[in-house]
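**Q** For reference, the structure I am asking about is given below.
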Amino acid sequence: MLQPGDKAPDFALRSSDKSLVKLSEQRGQNVVLLFFPFAFTGVCTKELCQMRDSIADYEKLDARILAVSVDSPYSLAKWKAEQGFNFPLLSDFNKTVSKKYDTIYKEFGMGLKGVSKKIGVCD
């Protein structure tokens, strides 16, 4: 797990619009990196909608939100369109970034394995 002051590990992930987003390209900016378990779930929808509705607060801090889950870019695109999220949703379908950040549940509800934990990291 990262500790305060640690440099965030770099990554490149596909966004819901299929563009490649690299953390290294965000260097020099404030970034809120948010890991969440699943699109279309009640708790995740509520929390990301709160972030969407509070985007002005993040903008005042000159912070960009990047939200990461193990969902596919296609399901993230559908969810983003339905909810009107105003920040990138990134697919860590292969779980490489979630493992780098130690944000993987060994087992989630219903016996599902390899799901991202809810956690926020600021860089």
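In the structure tokens, chains take the letters A, B, ... in the order shown, each chain's residues start at 1, and ligands count up from 1 in the order shown.
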Among range 5-116 of chain A, which residues carry a DSSP assignment of alpha helix (DSSP H), reported as a VMD selection string?
**A** chain A and resid 42 to 53 55 to 60 73 to 83 96 to 100
**Q** At what distance in Å, to one decimal, does CA of Asn86 in chain A lie from CA of Ser54 in chain A?
**A**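 Atom-to-atom, CA of Ser54 in chain A and CA of Asn86 in chain A are spaced 10.3 Å apart.
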**Q** Going by DSSP on the backbone, which bits of chain A are strand (DSSP E)? Write them as JSON, numbers by chain, please.
**A** {"A": [12, 13, 14, 15, 20, 21, 22, 30, 31, 32, 33, 34, 35, 63, 64, 65, 66, 67, 68, 69, 89, 90, 91, 104, 105, 115, 116, 119, 120, 121, 122]}
**Q** Filtering to C-alpha atoms, could you give me those residues as a PDB file, in the first residue's frame?
**A**
ATOM      1  CA  ALA A  12      -1.530   3.390 -18.952  1.00  0.00           C
ATOM      2  CA  LEU A  13      -5.208   2.363 -19.080  1.00  0.00           C
ATOM      3  CA  ARG A  14      -8.010   2.599 -21.614  1.00  0.00           C
ATOM      4  CA  SER A  15     -10.729   5.078 -20.835  1.00  0.00           C
ATOM      5  CA  LEU A  20      -5.168   5.648 -23.605  1.00  0.00           C
ATOM      6  CA  VAL A  21      -4.682   7.573 -20.347  1.00  0.00           C
ATOM      7  CA  LYS A  22      -1.188   7.605 -18.832  1.00  0.00           C
ATOM      8  CA  ASN A  30      -3.226  17.240  -8.837  1.00  0.00           C
ATOM      9  CA  VAL A  31      -4.808  13.851  -9.467  1.00  0.00           C
ATOM     10  CA  VAL A  32      -7.394  12.006  -7.420  1.00  0.00           C
ATOM     11  CA  LEU A  33      -7.072   8.363  -8.383  1.00  0.00           C
ATOM     12  CA  LEU A  34     -10.218   6.553  -7.288  1.00  0.00           C
ATOM     13  CA  PHE A  35     -10.513   2.766  -7.409  1.00  0.00           C
ATOM     14  CA  ALA A  63      -7.470  18.386  -9.230  1.00  0.00           C
ATOM     15  CA  ARG A  64      -8.399  15.896 -11.924  1.00  0.00           C
ATOM     16  CA  ILE A  65     -10.362  12.758 -11.044  1.00  0.00           C
ATOM     17  CA  LEU A  66      -9.420   9.430 -12.635  1.00  0.00           C
ATOM     18  CA  ALA A  67     -11.733   6.577 -11.622  1.00  0.00           C
ATOM     19  CA  VAL A  68     -10.498   2.974 -12.084  1.00  0.00           C
ATOM     20  CA  SER A  69     -12.309  -0.361 -11.989  1.00  0.00           C
ATOM     21  CA  LEU A  89     -13.530   6.087 -16.141  1.00  0.00           C
ATOM     22  CA  LEU A  90     -10.540   3.809 -16.697  1.00  0.00           C
ATOM     23  CA  SER A  91     -10.641   0.076 -17.316  1.00  0.00           C
ATOM     24  CA  ILE A 104      -7.530  -5.900  -5.146  1.00  0.00           C
ATOM     25  CA  TYR A 105      -9.900  -7.862  -2.957  1.00  0.00           C
ATOM     26  CA  VAL A 115     -12.256  -6.878  -7.794  1.00  0.00           C
ATOM     27  CA  SER A 116     -10.853  -3.410  -7.070  1.00  0.00           C
ATOM     28  CA  ILE A 119      -9.889   3.559  -2.279  1.00  0.00           C
ATOM     29  CA  GLY A 120      -8.689   7.004  -3.247  1.00  0.00           C
ATOM     30  CA  VAL A 121      -5.079   8.017  -3.905  1.00  0.00           C
ATOM     31  CA  CYS A 122      -3.958  11.606  -4.412  1.00  0.00           C
TER      32      CYS A 122
END
**Q** Considering only C-alpha atoms, state which residue in the set A:Tyr58, A:Pro9, A:Glu25, A:Phe40 is at the smallest distance from Lys78 in chain A.
**A**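 Of the candidates, the smallest distance to Lys78 in chain A is held by A:Phe40.
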**Q** Expressed in Å to a single decimal, how great is the separation between CA of Ser16 in chain A and CA of Ala77 in chain A?
**A**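 CA of Ser16 in chain A sits 4.5 Å away from CA of Ala77 in chain A.
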**Q** Of the candidates A:Arg52, A:Ser75, A:Ala39, A:Arg27, which shows the shortest atom-to-atom distance to Phe87 in chain A, using only C-alpha atoms?
**A**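 Between A:Arg52, A:Ser75, A:Ala39, A:Arg27, the residue approaching Phe87 in chain A most closely is A:Arg52.
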**Q** Would you mind listing what lies within 6 Å of Leu23 in chain A as a list of chain:residue names, with only C-alpha atoms counted and same-chain residues fewer than 2 positions away left out?
**A**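 In the requested form, the answer reads A:Asp10, A:Phe11, A:Glu25, A:Gln26.
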**Q** Suppose you want the space between CA of Val70 in chain A and CA of Lys95 in chain A; what is it in Å?
**A** 6.3 Å
**Q** Name the residues in contact with Cys49 in chain A at a cut-off of 10 Å, using only C-alpha atoms, excluding same-chain residues fewer than 6 positions from it; report them as a list in words.
**A** Val43, Ile55, Gln83, Gly84, Phe85 and Asn86 of chain A
**Q** Output C-alpha atoms for every residue in the selection just made, as a compact mmCIF listing (two decimals), in the first residue's frame.
**A**
# COMPACT_ATOMS: atom_id res chain seq x y z
CA VAL A 43 -22.95 2.21 -3.65
CA ILE A 55 -16.61 18.50 -9.54
CA GLN A 83 -24.88 8.80 -15.20
CA GLY A 84 -23.29 11.77 -16.98
CA PHE A 85 -19.95 11.39 -15.24
CA ASN A 86 -17.67 14.34 -16.02
**Q** So, with only C-alpha atoms as the atoms that count, which of A:Ser98, A:Thr103, A:Gln50, A:Thr45 lies closest to Lys80 in chain A?
**A**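 Closest candidate: A:Thr45.
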**Q** Could you check which of A:Lys46, A:Trp79, A:Pro37, A:Leu61 is closest to Phe93 in chain A, using only C-alpha atoms?
**A**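 Closest to Phe93 in chain A, using only C-alpha atoms: A:Pro37.
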